[in-house]
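**Q** Sharing a structure, written as structure tokens. Questions coming.
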Amino acid sequence: MTGTGPKLMIGVGASAGGLAALRAFLAEFPKRLGGSVIVLQHLDPDRESRLTALLDKTTALEVREAAEGERLRPDTIHVTPPGTYVEIAEGGLLRLVPPPEDRLHRTPIDHLFRQIAERFGPNAVGVVLSGTGSDATQGIRDIKSAGGAVLVQDPEEAEFDGMPRSAINTGLVDHVAAAAALPRTIARLAQHVSGTEPESAGQGFAERHHAEIGQVLRLLNDRNGFDFSEYKPGTVGRRIRRRMGISDVDSLAAYVELLERTGRERELLVKDLMIGVTRFFRDPAAWETIAKEAIDPVLSAMSDGDTIRAWAAGCSTGEEAYTLGMILMERIQRTGKDIRPLIFASDLNRDAVEQARLGRYPASAVDDVAADRVETWFERLGHEVRVRPRLREKLVFAVQNAVSDPPFSGLDLISCRNLLIYLEPSAQKRIFETFHFSLKPNGFLMLGLSEGAERADPWFTPVDKRNRIFRRTDTERRMPTRPAGRWAGGPRAATAGLKEEVSGADHVVRAMLQRFAPPAVLVDQNFEIKRMHGDLKEVLDFSSGAMSGSLPTLLAPPFQTPAWSALSAARNSNQPSEAPVLGTDQSGGPGKIVVDPLDGRSGREYLVYFVTLDPAATVPGAPASQDAPSFDYQKEMDALRHELQSVIEQGEASSEELQAANEEVLSANEELQSSNEELETSREELQSLNEELSTINTELEEKVRELEATNDDLTNLISSTDIATLFLDTDLTIRRFSARTTELVAIRDADVGRPITELNFKVEDEMLLPDARRVLESLEPAEREISGADYSYLRRIVPYRTRKDQIQGVVITYSDVQRIRVASERLAVQAVRQASIAELSELALSPGALDELYDRIVNDIADHLETRVVEVQLLTPDRSQFRLVAGRGWPRGVAGHAMSANDPDQHLGFTLGRQQLVEVDDITAEQRFAATQILGDTGVTCGVCLCIGTPQAPRGVLCAWRDAGCNFNEEERNYLRTVAKILWLAINHSETQRLRERETQALQDLIDGLPVMVALVDDGFRIGMSNRTFERMGLVVDEVRNAPLETVFGTAAIEALRAASPDARDGAVRFETLLPIPGHGERTFLMHCAPRNAEGRHEGYYIAAIDIDERKRWEERNKVISAELDHRVKNILSLVNTIARMTGRTTGSFREFQSVFAARIQSLSRTHSALAQMNWDGIDLKRLVRDELEAYGSGEFNQYDTKGPPVQVGPAAAQSLALAVHELATNAAKYGALSRPGGRLDVAWDIDETGLRLRWIESGLTLVSEPEAKGFGSTVIRSAVETQLEGKMDVRFEPSGVAYEFSIPAAGLTSFTVPT
Amino acid sequence: MTGRILVLDDDPLLALDVGTTLEEGGFGLFGLCHSVREAEAMLADDTPDAAVLDVNLGRGETSLPVAQRLRELGVPFVLLSGYEPSAFPPELQSAQRMAKPFRPQELLRTVGEMLG
């Protein structure tokens, strides 16, 4: 609150005589304080107050009557309205609440002070001004408990001092001064709290002035015996600052000086410091001593079944009382006896007692209490602790004033800690008496550590002075005296000697007194008769003159003088005295007057006895009768002297009395003078009141003028308004009506005052009276629609409220809503059509819903336009005919099937391609065109046709037909236009969709045909579109869609792609990779990755995977082949070289060399050609043999035959074998079977798993001899067969010819030197 | 006899040609062989003075084992091959080489140098 709200919150309470005090107070109130003021003046709740206006004149500050929900404003005086209680809600919002029902206990100032104490704490200031009663007293405690300040008007100054005195009697008041002087104190307070948080301010202050505060605390300890060194520095600092503010001291040093000088200031500071510091186990050492010194002795004297009774007086919020309870119970437990504790706890503060009863405290309250005690006596409830029931039930709480209310009695212990310090000395004395009365003999009294006990004597003697423990002394136990007034009718202490008859004196004693006691009179110190006893008729004598109660003046003359003298003597000496009375005729003999002084209730009293003496006895030793004259002389002289003396004394007394009377008169005069002054003041007040009344009168006149103007305005308003208005009173008679009312009711000005029931209504409104009565009962406005064929009114009835919230009838208004009704109906129709269009549009864009759309369209048109026949006719693709795709009102089987020619002389053909909508009033009379056959059959007459689509590209015609006599309005025509547009849109949309699907399919087909895997992937390499080539990967297209590319190509390929993809954003990248192809192992693919951008945005990539495995293989093979070719050529050349050299060695002539060498080279060449023809895969044995033999086929002797199964011979083997066969053939041609007629050569072979066996058998020769030398040929044959083919050769020379047999294993035969 | 020469070539004609050329040049012939197996059999009985080895013996076989054996025996040898040395087994890449087809004088000079 302090951060943003007012700095100080000042509550001012005043009662009787408060106006003057308030004026004086506010006149001096500082202008820029920053704080807010709430003024509460006791006022008659039933009367309007002008207090705000009156106060406004006294101060420059804003004065405003507090209003519900208003925010507190700085430097503003908020005046509480009469009969309300003010409360302050969160955020400084004012709340006005009704006071409690109980009039006797209305204490609004208490309430206000409590509110500001709760909300503003240390910043709360309570000001108590003139008034009677004790309102504000309780509130002061609240403000002080919260740390606030309380200022009180000086009771001497106040017109009525009751309230200020009651406030001062609390002992909690910070400052007492004249009303006009109080604002200065407030200003000083404001300076000391301004702009700072209270706690931190105190803290900071305490830190800065550690030394001086130490000085202050020492002072309080040394001089007053209070030790506050344990107090929080923040609290001490704050309280010291406030006292400084109130005392008008600027520096702490000056304040220390003030404290040293004045005991009063020390006391006030002590009280300030004591406030609100009660807590559990305050002064633990003291409690320990109390337990030992007071409780234990009491308990030890008790036995089982006893009750120990204790009283915690001034228990505040109960902490002390509960502490006492805990200690008692702990000590009882220690004794082991069955003793019941009973603790009375009382306080004056009702709220505090309420809180104590609850026994709930913030958890921080037990912070200083030993943990085991907390565990034993409290239960924790969140942030609170609650006293356990077994302790709580031992305590009895009561609201009680220890000083003035009847006390508890029969007590063993009384704990009254820190109550006395707030009490005046006389009250302290009384309270000690009370405690003495309440305690049993030897009972104990415990006081607070800081409380002096000088006044305890003689009722109490100290047991432990340091810890303030006292024992009751054994003096007489007396009911303590009570302050006058409250107990005026109650019993009092009786004085010894004279018992009040009513007090129950024994009748025997009374009788004895009657018999033996002399007559007596009791007088007061002025000798006024107070009571008489016995027979006094002889001593009393009533003479004429003013009636007086003074005893001496009422006595018979002989008694007068002695009575004066005896009474005077008794009064002066305060001792019993007596005076002789001479015998008289009347008195019948001598006697004496004895006066006994007594202590009476209102001062000294005197008991006067009239004793009649036996002459002998009374005057012992008196002379005989003959000596009577001398005796009489002497005696009379004595008596005269005596009398003179008493007269003199009496005269002196009279003089004193006169002096006193004079004093009294003088004071009476003064009183009269002051009364006169008061009257003068009253007169002045009356004068000012008179002035105020004149002002009010002027204001009222102004108000009347305003009212007249308002009235005129109202009259004009009512007559000008278009709304028929009727004012009825509570009996429903007419009070006023507006001009328009005549349209509804037959009403004239003369009808004012007539009951409404007598009027004739032109409209049907039979519910008017019930409605009006209901409004009067419920006070809730009522509305009803009154409508007939051509009218429609909204009739509204509201209660007629006066400014004072009284109901004085009803106001009935009829608003013409006919146009609104028509419009709203039209609107409803339009809304339905809008909704229809919205739904149709949505349907138009849904794929594949075209047929549903046609049906909806015809149904919607039929329903919303109330047309009987609807047709949606679409052109066939060749535009020659219309097809009725959907319709309403057609014979069964027509809609959806019927075809009509596109004939411009018929309504469909006519409409087609027309921008404008074609309206037909009567189709039978139409000149422009005729109806189609099927339309003519429906019998409709009029309608509208529109072209679907643009005139350039029409799609069809939409028509709606009615039976007769109808026009389509603009809105309906617009609806139809829109529907036609939607149709066109839907048809186009669907066609576009179909086209796109077809294109997409074509594209898919195209890429499916590619031998390359093609896919579109997004940035995350998730596959979008792909082609069927992916099936090679063992996947179908549908599986590939949306799959991550990894699942298709494997992680490695994708890693490579990802690595390359940043580059691929700018341009295509390509690289080779191995992909596993099901059934083919890994194959080499060329990956091609190109960025895919759409509208300038990167969307992903095109991926193409081309199988280049075959190509790779061919490249490898080519490399091998070319290397092999090089080798082979070299080999061949090497062979040729060898053949040349060897041929050279075996031939004689160059010619011979030439022919043999050429033949050998040709054989070599033949084999080569044959092998090359066979792609170096090998050569068939038969061809090899025949080729070599055919080379000699040009001769005439070529009888040879070859026979054997097909045998494939590898290239290397083929060369060797060919050479061998060449040499055999050459030999045969030269020397053998082929060299002469009759020779025959048979070459035969067979083959099995062991290998090839070839036989070369020449026959038909004679005289064949073995050649002598091995030539080149035989070397070649042998080495070819044996080394190269790993075979064996067997030669037999027969006379008829040579025979060779070769065995060649299969391995040698197929040897293939070209590496794969 | 001026030294006996071992000739190893899978092509019997070539082996014969080399052998004949060496004999005509005045060298003695230790033997003609056409496979590692044959050569090793010959080397088991006797040791030549020098050798002429073809490298690629067909069917994946090379003369490497024979060359190693000759190195062990301290017999000098020359490789006779149509292939480039880069196609030889690594152990033979530093050995003395002659290209096929050979020139008789060069062969005789090389063998003579090996023996000399």
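Naming scheme: A, B, ... for chains in displayed order of the structure tokens; residues 1 onward per chain; ligands 1 onward as shown.
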Please identify every residue of chain B that has at least one atom no more than 9 Å from any atom of chain A, counting only C-alpha atoms, and report them as a ChimeraX atom specification.

**A** /B:10-14,16-18,20-21,33-35,58-60,82-83,100-102

**Q** Using only C-alpha atoms, which protein or nucleic acid residues come within 8 Å of range 856-870 of chain A? Drop anything in the same chain fewer than 6 positions from it, and give the result as a PyMOL selection string.

**A** chain A and resi 829+832-833+836+840+886-890+938+940+958-963+972+976+979

**Q** Which is closest to Met42 in chain B among B:Leu6, B:Gly26, B:Ala15, B:Phe77, if we use only C-alpha atoms?

**A**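 Checking each candidate against Met42 in chain B, we get B:Leu6 as the closest.
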
**Q** As an exercise, work out the distance from CA of Thr170 in chain A to CA of Asp347 in chain A in Å and give it to one decimal place.

**A** 12.8 Å

**Q** Determine, counting only C-alpha atoms, which protein, DNA and RNA residues have an atom within 9 Å of an atom of Arg71 in chain A; residues of the same chain fewer than 5 positions away are not included. Present the result as an MDAnalysis selection string.

**A** chainID A and resid 91:94

**Q** Just C-alpha atoms for this one: save the residues we selected as a PDB file, in the first residue's frame.

**A**
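part23.pdb, written as the output of this step:
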ATOM      1  CA  GLY A  91      -6.111  -1.000  -3.946  1.00  0.00           C
ATOM      2  CA  GLY A  92      -7.514   1.735  -1.697  1.00  0.00           C
ATOM      3  CA  LEU A  93     -11.072   1.349  -2.919  1.00  0.00           C
ATOM      4  CA  LEU A  94     -13.723   2.637  -0.568  1.00  0.00           C
TER       5      LEU A  94
END

**Q** Taking the backbone alone, and naming residues the way the document does, which bits of range 57-142 of chain A are strand (DSSP E) by DSSP, as a count of residues only?

**A** 23

**Q** Applying 12 Å and only C-alpha atoms, which residues near Leu1075 in chain A remain after dropping the ones on its own chain fewer than 5 positions away? List them as a short mmCIF file (atom, residue, chain, number, x, y, z; two decimals) with N, CA and C atoms, in the first residue's frame.

**A**
data_model
loop_
_atom_site.label_atom_id
_atom_site.label_comp_id
_atom_site.auth_asym_id
_atom_site.auth_seq_id
_atom_site.Cartn_x
_atom_site.Cartn_y
_atom_site.Cartn_z
N MET A 1013 16.27 -45.40 -63.73
CA MET A 1013 15.42 -45.15 -62.56
C MET A 1013 15.36 -43.64 -62.36
N PHE A 1030 12.09 -48.74 -61.13
CA PHE A 1030 12.46 -49.12 -59.77
C PHE A 1030 12.12 -50.57 -59.48
N ARG A 1032 13.14 -52.94 -60.94
CA ARG A 1032 14.41 -53.70 -61.03
C ARG A 1032 15.02 -53.87 -59.66
N MET A 1033 14.77 -52.89 -58.81
CA MET A 1033 15.32 -52.94 -57.45
C MET A 1033 14.46 -53.85 -56.57
N GLU A 1046 17.01 -43.97 -49.07
CA GLU A 1046 17.90 -44.99 -48.53
C GLU A 1046 17.33 -46.38 -48.69
N THR A 1047 16.03 -46.50 -48.42
CA THR A 1047 15.45 -47.83 -48.43
C THR A 1047 15.54 -48.42 -49.82
N VAL A 1048 15.68 -47.57 -50.84
CA VAL A 1048 15.77 -48.07 -52.20
C VAL A 1048 17.22 -48.27 -52.61
N PHE A 1049 18.04 -47.27 -52.39
CA PHE A 1049 19.40 -47.29 -52.92
C PHE A 1049 20.42 -47.72 -51.90
N GLY A 1050 20.01 -47.82 -50.65
CA GLY A 1050 21.00 -48.18 -49.63
C GLY A 1050 21.67 -46.94 -49.10
N THR A 1051 22.24 -47.08 -47.92
CA THR A 1051 22.75 -45.91 -47.21
C THR A 1051 23.96 -45.30 -47.93
N ALA A 1052 24.82 -46.16 -48.45
CA ALA A 1052 26.06 -45.65 -49.02
C ALA A 1052 25.78 -44.69 -50.17
N ALA A 1053 24.87 -45.11 -51.04
CA ALA A 1053 24.54 -44.27 -52.19
C ALA A 1053 23.98 -42.94 -51.73
N ILE A 1054 23.18 -42.98 -50.67
CA ILE A 1054 22.53 -41.76 -50.21
C ILE A 1054 23.55 -40.85 -49.53
N HIS A 1080 21.04 -59.96 -59.43
CA HIS A 1080 22.16 -59.58 -60.28
C HIS A 1080 23.36 -59.15 -59.47
N GLY A 1081 23.29 -59.23 -58.18
CA GLY A 1081 24.42 -58.78 -57.37
C GLY A 1081 24.55 -57.28 -57.46
N GLU A 1082 25.74 -56.77 -57.24
CA GLU A 1082 25.94 -55.32 -57.29
C GLU A 1082 26.25 -54.91 -58.71
N ARG A 1083 25.62 -53.86 -59.11
CA ARG A 1083 25.88 -53.36 -60.46
C ARG A 1083 26.24 -51.90 -60.38
N THR A 1084 27.01 -51.47 -61.36
CA THR A 1084 27.47 -50.09 -61.35
C THR A 1084 26.38 -49.20 -61.96
N PHE A 1085 26.05 -48.12 -61.23
CA PHE A 1085 25.07 -47.16 -61.74
C PHE A 1085 25.71 -45.80 -61.81
N LEU A 1086 25.26 -45.04 -62.79
CA LEU A 1086 25.65 -43.64 -62.84
C LEU A 1086 24.51 -42.86 -62.20
N MET A 1087 24.81 -42.19 -61.10
CA MET A 1087 23.78 -41.41 -60.42
C MET A 1087 23.86 -40.00 -60.96
N ALA A 1105 19.14 -42.87 -61.98
CA ALA A 1105 20.15 -43.90 -61.78
C ALA A 1105 20.22 -44.74 -63.06
N ILE A 1106 21.34 -44.65 -63.75
CA ILE A 1106 21.48 -45.33 -65.04
C ILE A 1106 22.41 -46.53 -64.86
N ASP A 1107 21.94 -47.70 -65.29
CA ASP A 1107 22.72 -48.93 -65.14
C ASP A 1107 23.82 -48.94 -66.20
N ILE A 1108 25.06 -48.74 -65.77
CA ILE A 1108 26.16 -48.72 -66.74
C ILE A 1108 27.06 -49.93 -66.53
N ASP A 1109 26.54 -50.95 -65.88
CA ASP A 1109 27.36 -52.11 -65.54
C ASP A 1109 27.91 -52.79 -66.81
#

**Q** Can you tell me which residues surround Leu8 in chain B at a distance of at most 9 Å, considering only C-alpha atoms, apart from same-chain residues fewer than 3 positions away, and format the answer as a PDB file with N, CA and C atoms, in the first residue's frame?

**A**
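Contents of result_5.pdb, freshly written:
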ATOM      1  N   ASP B  11      56.111 -72.626 -75.139  1.00  0.00           N
ATOM      2  CA  ASP B  11      55.930 -72.911 -76.562  1.00  0.00           C
ATOM      3  C   ASP B  11      57.108 -73.776 -77.019  1.00  0.00           C
ATOM      4  N   ALA B  15      61.052 -72.822 -77.612  1.00  0.00           N
ATOM      5  CA  ALA B  15      62.109 -73.432 -76.804  1.00  0.00           C
ATOM      6  C   ALA B  15      63.146 -74.105 -77.743  1.00  0.00           C
ATOM      7  N   GLY B  31      69.179 -78.370 -71.223  1.00  0.00           N
ATOM      8  CA  GLY B  31      67.893 -79.029 -71.483  1.00  0.00           C
ATOM      9  C   GLY B  31      66.833 -78.019 -71.878  1.00  0.00           C
ATOM     10  N   LEU B  32      65.843 -78.536 -72.663  1.00  0.00           N
ATOM     11  CA  LEU B  32      64.704 -77.713 -73.012  1.00  0.00           C
ATOM     12  C   LEU B  32      63.529 -78.158 -72.145  1.00  0.00           C
ATOM     13  N   CYS B  33      62.879 -77.288 -71.508  1.00  0.00           N
ATOM     14  CA  CYS B  33      61.699 -77.684 -70.733  1.00  0.00           C
ATOM     15  C   CYS B  33      60.574 -76.677 -70.959  1.00  0.00           C
ATOM     16  N   HIS B  34      59.331 -77.197 -70.689  1.00  0.00           N
ATOM     17  CA  HIS B  34      58.150 -76.402 -71.064  1.00  0.00           C
ATOM     18  C   HIS B  34      57.272 -76.058 -69.889  1.00  0.00           C
ATOM     19  N   SER B  35      57.681 -76.483 -68.700  1.00  0.00           N
ATOM     20  CA  SER B  35      56.837 -76.147 -67.537  1.00  0.00           C
ATOM     21  C   SER B  35      57.734 -76.126 -66.305  1.00  0.00           C
ATOM     22  N   VAL B  36      57.254 -75.520 -65.235  1.00  0.00           N
ATOM     23  CA  VAL B  36      57.972 -75.429 -63.971  1.00  0.00           C
ATOM     24  C   VAL B  36      58.300 -76.836 -63.494  1.00  0.00           C
ATOM     25  N   GLU B  38      58.725 -79.619 -65.188  1.00  0.00           N
ATOM     26  CA  GLU B  38      59.829 -80.223 -65.939  1.00  0.00           C
ATOM     27  C   GLU B  38      61.160 -79.632 -65.507  1.00  0.00           C
ATOM     28  N   ALA B  39      61.178 -78.265 -65.379  1.00  0.00           N
ATOM     29  CA  ALA B  39      62.426 -77.576 -65.029  1.00  0.00           C
ATOM     30  C   ALA B  39      62.915 -78.037 -63.664  1.00  0.00           C
ATOM     31  N   ALA B  51      70.667 -69.810 -67.614  1.00  0.00           N
ATOM     32  CA  ALA B  51      69.318 -70.203 -68.033  1.00  0.00           C
ATOM     33  C   ALA B  51      68.664 -69.073 -68.805  1.00  0.00           C
ATOM     34  N   VAL B  52      67.784 -69.462 -69.769  1.00  0.00           N
ATOM     35  CA  VAL B  52      66.939 -68.513 -70.486  1.00  0.00           C
ATOM     36  C   VAL B  52      65.484 -68.889 -70.150  1.00  0.00           C
ATOM     37  N   LEU B  53      64.776 -67.983 -69.495  1.00  0.00           N
ATOM     38  CA  LEU B  53      63.431 -68.342 -68.993  1.00  0.00           C
ATOM     39  C   LEU B  53      62.361 -67.462 -69.632  1.00  0.00           C
ATOM     40  N   ASP B  54      61.326 -68.161 -70.156  1.00  0.00           N
ATOM     41  CA  ASP B  54      60.114 -67.391 -70.506  1.00  0.00           C
ATOM     42  C   ASP B  54      59.407 -67.098 -69.193  1.00  0.00           C
ATOM     43  N   VAL B  55      58.657 -65.967 -69.089  1.00  0.00           N
ATOM     44  CA  VAL B  55      58.001 -65.630 -67.821  1.00  0.00           C
ATOM     45  C   VAL B  55      56.635 -66.284 -67.736  1.00  0.00           C
ATOM     46  N   LEU B  57      54.053 -68.869 -68.497  1.00  0.00           N
ATOM     47  CA  LEU B  57      54.107 -70.233 -69.004  1.00  0.00           C
ATOM     48  C   LEU B  57      52.731 -70.762 -69.377  1.00  0.00           C
ATOM     49  N   SER B  63      57.381 -68.495 -64.410  1.00  0.00           N
ATOM     50  CA  SER B  63      58.649 -69.181 -64.148  1.00  0.00           C
ATOM     51  C   SER B  63      59.271 -68.756 -62.841  1.00  0.00           C
TER      52      SER B  63
END

**Q** Name the residues in contact with Thr307 in chain A at a cut-off of 12 Å, using only C-alpha atoms, excluding same-chain residues fewer than 5 positions from it; report them as a PyMOL selection string.

**A** chain A and resi 298-299+301-302+328-329+332+337-343+394+410-413

**Q** The selected residues should be written to file as a PDB file, in the first residue's frame (atoms: N, CA and C atoms).

**A**
ATOM      1  N   VAL A 298       2.438 -23.839  44.989  1.00  0.00           N
ATOM      2  CA  VAL A 298       0.976 -24.004  45.006  1.00  0.00           C
ATOM      3  C   VAL A 298       0.621 -25.467  44.780  1.00  0.00           C
ATOM      4  N   LEU A 299       1.293 -26.059  43.793  1.00  0.00           N
ATOM      5  CA  LEU A 299       0.980 -27.454  43.468  1.00  0.00           C
ATOM      6  C   LEU A 299       1.339 -28.394  44.620  1.00  0.00           C
ATOM      7  N   ALA A 301       1.137 -27.936  47.622  1.00  0.00           N
ATOM      8  CA  ALA A 301       0.152 -27.896  48.698  1.00  0.00           C
ATOM      9  C   ALA A 301      -1.153 -28.565  48.293  1.00  0.00           C
ATOM     10  N   MET A 302      -1.253 -28.987  47.065  1.00  0.00           N
ATOM     11  CA  MET A 302      -2.514 -29.552  46.574  1.00  0.00           C
ATOM     12  C   MET A 302      -2.466 -31.069  46.607  1.00  0.00           C
ATOM     13  N   LEU A 328       1.725 -24.585  33.431  1.00  0.00           N
ATOM     14  CA  LEU A 328       0.940 -25.220  34.494  1.00  0.00           C
ATOM     15  C   LEU A 328       0.845 -26.723  34.254  1.00  0.00           C
ATOM     16  N   MET A 329       0.467 -27.081  33.019  1.00  0.00           N
ATOM     17  CA  MET A 329       0.257 -28.496  32.738  1.00  0.00           C
ATOM     18  C   MET A 329       1.561 -29.274  32.839  1.00  0.00           C
ATOM     19  N   ILE A 332       2.260 -29.681  36.507  1.00  0.00           N
ATOM     20  CA  ILE A 332       1.345 -30.646  37.126  1.00  0.00           C
ATOM     21  C   ILE A 332       1.800 -32.058  36.800  1.00  0.00           C
ATOM     22  N   LYS A 337       0.519 -35.615  40.368  1.00  0.00           N
ATOM     23  CA  LYS A 337      -0.793 -35.577  41.028  1.00  0.00           C
ATOM     24  C   LYS A 337      -1.891 -35.354  40.000  1.00  0.00           C
ATOM     25  N   ASP A 338      -3.096 -35.690  40.425  1.00  0.00           N
ATOM     26  CA  ASP A 338      -4.248 -35.494  39.526  1.00  0.00           C
ATOM     27  C   ASP A 338      -4.861 -34.129  39.825  1.00  0.00           C
ATOM     28  N   ILE A 339      -4.195 -33.125  39.310  1.00  0.00           N
ATOM     29  CA  ILE A 339      -4.684 -31.760  39.559  1.00  0.00           C
ATOM     30  C   ILE A 339      -5.177 -31.192  38.247  1.00  0.00           C
ATOM     31  N   ARG A 340      -6.358 -30.556  38.312  1.00  0.00           N
ATOM     32  CA  ARG A 340      -6.942 -30.019  37.077  1.00  0.00           C
ATOM     33  C   ARG A 340      -6.596 -28.539  36.978  1.00  0.00           C
ATOM     34  N   PRO A 341      -6.029 -28.092  35.879  1.00  0.00           N
ATOM     35  CA  PRO A 341      -5.787 -26.659  35.742  1.00  0.00           C
ATOM     36  C   PRO A 341      -7.012 -25.964  35.138  1.00  0.00           C
ATOM     37  N   LEU A 342      -7.257 -24.765  35.599  1.00  0.00           N
ATOM     38  CA  LEU A 342      -8.329 -23.961  34.998  1.00  0.00           C
ATOM     39  C   LEU A 342      -7.791 -22.545  34.886  1.00  0.00           C
ATOM     40  N   ILE A 343      -7.730 -22.064  33.656  1.00  0.00           N
ATOM     41  CA  ILE A 343      -7.145 -20.736  33.456  1.00  0.00           C
ATOM     42  C   ILE A 343      -8.192 -19.820  32.856  1.00  0.00           C
ATOM     43  N   LYS A 394      -8.485 -26.167  28.593  1.00  0.00           N
ATOM     44  CA  LYS A 394      -8.190 -25.758  29.963  1.00  0.00           C
ATOM     45  C   LYS A 394      -8.367 -24.256  30.138  1.00  0.00           C
ATOM     46  N   GLY A 410     -11.178 -16.832  44.149  1.00  0.00           N
ATOM     47  CA  GLY A 410     -10.680 -18.139  44.579  1.00  0.00           C
ATOM     48  C   GLY A 410      -9.518 -18.601  43.739  1.00  0.00           C
ATOM     49  N   LEU A 411      -8.655 -17.666  43.322  1.00  0.00           N
ATOM     50  CA  LEU A 411      -7.586 -18.008  42.397  1.00  0.00           C
ATOM     51  C   LEU A 411      -6.309 -18.366  43.145  1.00  0.00           C
ATOM     52  N   ASP A 412      -5.508 -19.191  42.500  1.00  0.00           N
ATOM     53  CA  ASP A 412      -4.200 -19.520  43.052  1.00  0.00           C
ATOM     54  C   ASP A 412      -3.126 -18.633  42.458  1.00  0.00           C
ATOM     55  N   LEU A 413      -3.317 -18.310  41.181  1.00  0.00           N
ATOM     56  CA  LEU A 413      -2.296 -17.528  40.492  1.00  0.00           C
ATOM     57  C   LEU A 413      -2.969 -16.463  39.654  1.00  0.00           C
TER      58      LEU A 413
END

**Q** Do a neighbour search on Pro1044 in chain A at 9 Å with only C-alpha atoms, toss out local chain neighbours closer than 2 positions, and write the hits as a list in words.

**A**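 In the requested form, the answer reads Val1017, Gly1020, Phe1021, Arg1022, Ile1023, Val1040, Arg1041, Asn1042, Glu1046, Thr1047 and Val1048 of chain A.
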
**Q** Apply DSSP to the backbone of this structure and, from range 24-101 of chain B, keep only the residues in alpha helix (DSSP H); write these as a PyMOL selection string.

**A** chain B and resi 24+36-45+64-73

**Q** Save the residues we just selected, C-alpha atoms, as a JSON list (two decimals), in the first residue's frame?

**A**
[["chain", "number", "residue", "atom", "x", "y", "z"],
["B", 24, "GLU", "CA", 74.56, -72.94, -83.26],
["B", 36, "VAL", "CA", 57.97, -75.43, -63.97],
["B", 37, "ARG", "CA", 57.47, -79.09, -63.17],
["B", 38, "GLU", "CA", 59.83, -80.22, -65.94],
["B", 39, "ALA", "CA", 62.43, -77.58, -65.03],
["B", 40, "GLU", "CA", 62.41, -78.49, -61.35],
["B", 41, "ALA", "CA", 62.80, -82.18, -62.25],
["B", 42, "MET", "CA", 65.90, -81.32, -64.30],
["B", 43, "LEU", "CA", 67.32, -79.03, -61.60],
["B", 44, "ALA", "CA", 66.94, -81.77, -59.03],
["B", 45, "ASP", "CA", 69.62, -83.88, -60.83],
["B", 64, "LEU", "CA", 59.03, -67.47, -60.74],
["B", 65, "PRO", "CA", 59.65, -70.71, -58.77],
["B", 66, "VAL", "CA", 62.38, -71.72, -61.24],
["B", 67, "ALA", "CA", 63.97, -68.29, -61.11],
["B", 68, "GLN", "CA", 64.00, -68.41, -57.32],
["B", 69, "ARG", "CA", 65.52, -71.83, -57.36],
["B", 70, "LEU", "CA", 68.21, -70.61, -59.80],
["B", 71, "ARG", "CA", 68.95, -67.65, -57.55],
["B", 72, "GLU", "CA", 69.42, -70.08, -54.71],
["B", 73, "LEU", "CA", 71.78, -72.14, -56.85]]

**Q** Please, what distance in Å, to one decimal, runs between CA of Asp248 in chain A and CA of Leu189 in chain A?

**A**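 Separation of CA of Asp248 in chain A and CA of Leu189 in chain A: 9.0 Å.
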